[in-house]
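Taking it in order: structure first as structure tokens, then the write-up.
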Amino acid sequence: MASLETNFLGIKSPNPYWLASAPPTDKKINVLRAFEAGWGGVVWKTLGSQVKNVSSRYSAINFHGGKVMGFNNIELISDRPLDINLKEIVEVIKEFPDRAMIVSLMADNNKQSWHELIKKVEDTGAHGIELNFGCPHGMTERGMGAAVGQDPEIAKMVVEWVMEAAHIPVITKLTPNVHSVVPTGKACVQAGTNALSLINTIQSVTGIDLDTLVPNPYVGGKSVFGGYCGPAVKPIALKFLATISQNEITNKVPVSGIGGISTWKDAAEFLLLGASSLQVCTAAMTHGFRIIEDLCEGLLSWMEEKGYNTIYDFIGKSVPTLTHWEDLDINYHHVANINQDKCIHCGLCYIACEDTSHQSISITQGNPYNTYSIKEEECVGCNLCQLICPVENCITMIEHRVAPEYLNWKEFQARGLPLNDH
């Protein structure tokens, strides 16, 4: 039997799924409900100086009838008194000692504040701390959140302060509101952080109310840039995760993957690109804590099908397959194929290819319906027809090499080969 048990920096949990630092981890009642449902751990909502949140706080992007493809929030760190949070953390650990308890922190931007806050958190018995270097709204004017994560030197300085005082594992959470997460990631690793987590939310405007003309969320006729998350950010999160896994400095520490994990397939993808724990928020907020059952069952079934006994059997296995464009094989080619038995004759593939691609699909007028076929000599294997086809496996891409040997662009240029031969 495969097992989902994990050991992240010595922090053990029954599965790799942790609730990310967010509203679901803001208080004892929420966290207890999560642990009762089966979550492996939580990152307690960020603690720091007292703040006051506004109303309203959330907005979303819906797409093609689907709700909350992307989620936006302008909520700050925990606005509950620090002593109440600390007391509840102690109580939760006593009830569920086998679950990971990580506490997110955002102290004032000076060494003493960090040291004092770390001491108070360690006294609760928490298993680790996560440094919030990513909040994109509401704290940057105080030199906190993304203001730290966007400057490698400041991030390095703060991590050094933290490592002077911390006796439990330290995870540094990176902001995606940068060109690359690698410079800050490297700085934090060099400063001694035990692990990294990414991504935090992406600064965004999700839309404008066309009656009030005010962007969402609405706060007394005004709004601000918020933090974007949910399924829509997964591709960006995976890209940033991969760059951390590829770098010889940042890949020396474990990574907690965050950003749009909604299904067990998403979880597998994050693990394959180097994450060794997983943080979830939006999916829990939109589907409830019981989603953990599907997340665990699906991942376990896939692991057993593939012959993996633990997640450590496949963590990072996809990283080496990501290369540079100029190293790709230009002799490798695909040609689309339409399964006429599955085709519903909607014509979407023909319209897309004819209007916007390479005019590689022919139409045969018929009664009662039209039929479509691929012009193999014109098909460039772009995948567009397959991607928009509404019938699963109706259009497949068949391998069709131009030549048997591997040839990349650099070699192609070096040989002085004519473009029209390829």
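Naming works like this for the structure tokens: A, B, ... for the chains as they're shown, residue 1 at the start of each chain, ligands 1 onward in shown order.
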Once DSSP has gone over the backbone, tell me which residues of segment 96-300 of chain A are in alpha helix (DSSP H), as an mmCIF file with C-alpha atoms, in the first residue's frame.
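The resulting file, part00.cif, is reproduced below:
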data_model
loop_
_atom_site.group_PDB
_atom_site.id
_atom_site.type_symbol
_atom_site.label_atom_id
_atom_site.label_comp_id
_atom_site.auth_asym_id
_atom_site.auth_seq_id
_atom_site.Cartn_x
_atom_site.Cartn_y
_atom_site.Cartn_z
ATOM 1 C CA LYS A 111 15.392 42.686 14.477
ATOM 2 C CA GLN A 112 13.907 43.026 17.955
ATOM 3 C CA SER A 113 10.324 42.657 16.743
ATOM 4 C CA TRP A 114 11.203 39.458 14.873
ATOM 5 C CA HIS A 115 13.055 38.004 17.838
ATOM 6 C CA GLU A 116 10.214 38.754 20.254
ATOM 7 C CA LEU A 117 7.559 37.305 17.956
ATOM 8 C CA ILE A 118 9.565 34.159 17.267
ATOM 9 C CA LYS A 119 10.031 33.529 20.989
ATOM 10 C CA LYS A 120 6.295 33.818 21.629
ATOM 11 C CA VAL A 121 5.483 31.415 18.797
ATOM 12 C CA GLU A 122 8.100 28.858 19.825
ATOM 13 C CA ALA A 146 6.039 41.950 -0.691
ATOM 14 C CA ALA A 147 8.240 44.945 0.084
ATOM 15 C CA VAL A 148 10.631 42.456 1.695
ATOM 16 C CA GLY A 149 10.218 39.668 -0.849
ATOM 17 C CA PRO A 152 16.814 40.161 -2.135
ATOM 18 C CA GLU A 153 19.059 42.179 0.167
ATOM 19 C CA ILE A 154 16.254 43.101 2.553
ATOM 20 C CA ALA A 155 14.941 39.531 2.470
ATOM 21 C CA LYS A 156 18.410 38.216 3.283
ATOM 22 C CA MET A 157 18.753 40.635 6.193
ATOM 23 C CA VAL A 158 15.406 39.633 7.700
ATOM 24 C CA VAL A 159 16.119 35.909 7.329
ATOM 25 C CA GLU A 160 19.460 36.449 9.085
ATOM 26 C CA TRP A 161 17.626 38.161 11.953
ATOM 27 C CA VAL A 162 15.192 35.275 12.145
ATOM 28 C CA MET A 163 17.858 32.575 12.084
ATOM 29 C CA GLU A 164 19.589 34.235 15.036
ATOM 30 C CA ALA A 165 16.545 33.573 17.192
ATOM 31 C CA VAL A 182 15.262 32.955 -7.890
ATOM 32 C CA PRO A 183 17.240 36.048 -6.692
ATOM 33 C CA THR A 184 15.223 36.371 -3.485
ATOM 34 C CA GLY A 185 15.143 32.599 -3.070
ATOM 35 C CA LYS A 186 18.928 32.425 -3.349
ATOM 36 C CA ALA A 187 19.360 35.281 -0.890
ATOM 37 C CA CYS A 188 17.126 33.576 1.659
ATOM 38 C CA VAL A 189 18.891 30.227 1.299
ATOM 39 C CA GLN A 190 22.262 31.914 1.676
ATOM 40 C CA ALA A 191 20.930 33.642 4.803
ATOM 41 C CA LYS A 234 -1.449 27.354 -11.086
ATOM 42 C CA PRO A 235 0.593 27.659 -14.325
ATOM 43 C CA ILE A 236 2.458 30.654 -12.899
ATOM 44 C CA ALA A 237 3.066 28.866 -9.606
ATOM 45 C CA LEU A 238 4.409 25.789 -11.402
ATOM 46 C CA LYS A 239 6.765 27.932 -13.477
ATOM 47 C CA PHE A 240 8.197 29.675 -10.422
ATOM 48 C CA LEU A 241 8.456 26.355 -8.561
ATOM 49 C CA ALA A 242 10.379 24.831 -11.481
ATOM 50 C CA THR A 243 12.884 27.696 -11.530
ATOM 51 C CA ILE A 244 13.580 27.147 -7.829
ATOM 52 C CA SER A 245 14.013 23.405 -8.435
ATOM 53 C CA GLN A 246 16.397 24.027 -11.331
ATOM 54 C CA TRP A 264 -5.066 15.525 -6.744
ATOM 55 C CA LYS A 265 -3.714 15.973 -10.272
ATOM 56 C CA ASP A 266 -2.609 19.502 -9.387
ATOM 57 C CA ALA A 267 -0.924 18.085 -6.290
ATOM 58 C CA ALA A 268 0.944 15.465 -8.325
ATOM 59 C CA GLU A 269 2.175 18.159 -10.712
ATOM 60 C CA PHE A 270 3.577 20.287 -7.879
ATOM 61 C CA LEU A 271 5.339 17.262 -6.399
ATOM 62 C CA LEU A 272 6.773 16.295 -9.790
ATOM 63 C CA THR A 282 -8.971 28.641 -2.367
ATOM 64 C CA ALA A 283 -10.164 25.077 -3.032
ATOM 65 C CA ALA A 284 -10.968 24.637 0.649
ATOM 66 C CA MET A 285 -12.770 27.989 0.778
ATOM 67 C CA THR A 286 -14.934 27.147 -2.240
ATOM 68 C CA HIS A 287 -15.564 23.439 -1.561
ATOM 69 C CA ILE A 291 -12.202 18.133 -0.255
ATOM 70 C CA ILE A 292 -9.212 16.600 1.504
ATOM 71 C CA GLU A 293 -10.763 13.161 0.997
ATOM 72 C CA ASP A 294 -10.657 13.498 -2.799
ATOM 73 C CA LEU A 295 -7.170 15.014 -2.667
ATOM 74 C CA CYS A 296 -5.799 12.065 -0.693
ATOM 75 C CA GLU A 297 -7.714 9.259 -2.414
ATOM 76 C CA GLY A 298 -6.896 10.495 -5.898
ATOM 77 C CA LEU A 299 -3.186 10.930 -5.215
ATOM 78 C CA LEU A 300 -2.955 7.525 -3.512
#
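Nearest residue to Ala2 of chain A among A:His400, A:Arg415, A:His333, A:Lys306 is A:Lys306, counting only C-alpha atoms.
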### Task
Show which residues sit within 8 Å of segment 22-31 of chain A, as an NGL selection string. Count only C-alpha atoms, and ignore same-chain residues fewer than 5 positions away.
:A and (42-46 or 78 or 85 or 88-89 or 91-92 or 281 or 284-285)
### Sel. of strand (DSSP E or B) residues, segment 2-110 of chain A, as a ChimeraX atom specification
/A:6-8,11-13,17-19,41-48,58-63,66-73,100-106
### Query
What is the atom CA of Phe96 of chain A to atom CA of Ser49 of chain A distance in Å?
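One can read the atom CA of Phe96 of chain A to atom CA of Ser49 of chain A distance as 27.5 Å.
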#### Entry: Shell around Met106 of chain A at 10 Å using only C-alpha atoms, local window under 5 positions removed, as a PyMOL selection string
chain A and resi 46-49+77+113-114+117+130-135+139+144-145
### Task
Pick out the residues sitting within 12 Å of segment 65-71 of chain A, and hand them over as a ChimeraX atom specification; count only C-alpha atoms, and ignore anything fewer than 2 positions along from it in its own chain.
/A:57-63,73-74,201-207,216-217,226-234,259-262,281-283,285-287
Written selection (C-alpha atoms) as a short mmCIF file (atom, residue, chain, number, x, y, z; two decimals), in the first residue's frame:
data_model
loop_
_atom_site.label_atom_id
_atom_site.label_comp_id
_atom_site.auth_asym_id
_atom_site.auth_seq_id
_atom_site.Cartn_x
_atom_site.Cartn_y
_atom_site.Cartn_z
CA ARG A 57 -12.59 41.74 1.00
CA TYR A 58 -13.00 39.21 -1.82
CA SER A 59 -13.71 39.14 -5.54
CA ALA A 60 -13.46 36.46 -8.19
CA ILE A 61 -13.12 35.67 -11.88
CA ASN A 62 -15.73 33.32 -13.34
CA PHE A 63 -15.24 31.74 -16.75
CA ASN A 73 -8.55 39.18 -1.65
CA ILE A 74 -7.55 42.41 0.05
CA THR A 201 -0.72 35.87 -4.21
CA ILE A 202 -0.29 37.90 -7.40
CA GLN A 203 -1.23 41.58 -7.39
CA SER A 204 -4.38 42.02 -9.46
CA VAL A 205 -7.60 43.76 -10.42
CA THR A 206 -10.23 41.11 -11.08
CA GLY A 207 -12.81 43.37 -12.67
CA ASN A 216 -14.02 44.80 -6.99
CA PRO A 217 -14.01 44.32 -4.08
CA GLY A 226 -5.59 42.64 -4.34
CA GLY A 227 -3.86 39.26 -4.12
CA TYR A 228 -4.85 36.82 -6.89
CA CYS A 229 -4.95 33.06 -6.28
CA GLY A 230 -7.01 29.99 -7.13
CA PRO A 231 -6.91 27.65 -10.17
CA ALA A 232 -6.02 30.47 -12.58
CA VAL A 233 -2.58 31.00 -11.00
CA LYS A 234 -1.45 27.35 -11.09
CA GLY A 259 -0.85 28.26 -5.95
CA GLY A 260 -4.09 26.92 -7.35
CA ILE A 261 -3.94 23.35 -6.06
CA SER A 262 -7.55 22.19 -6.41
CA CYS A 281 -6.50 27.62 0.35
CA THR A 282 -8.97 28.64 -2.37
CA ALA A 283 -10.16 25.08 -3.03
CA MET A 285 -12.77 27.99 0.78
CA THR A 286 -14.93 27.15 -2.24
CA HIS A 287 -15.56 23.44 -1.56
#
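Of note, atom CA of Glu392 of chain A and atom CA of Lys342 of chain A are spaced 8.6 Å apart.
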### Task
Take atom CA of Asp83 of chain A and atom CA of Glu36 of chain A and report the distance between them in Å, one decimal.
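Separation of atom CA of Asp83 of chain A and atom CA of Glu36 of chain A: 24.4 Å.
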### Message
If we count only C-alpha atoms and set the cut-off at 12 Å, which residues sit around Gln365 of chain A, ignoring sequence neighbours fewer than 6 positions away in its own chain? Please answer as a list in words.
### Response
His345, Gly347, Thr371, Tyr372 and Ser373 of chain A
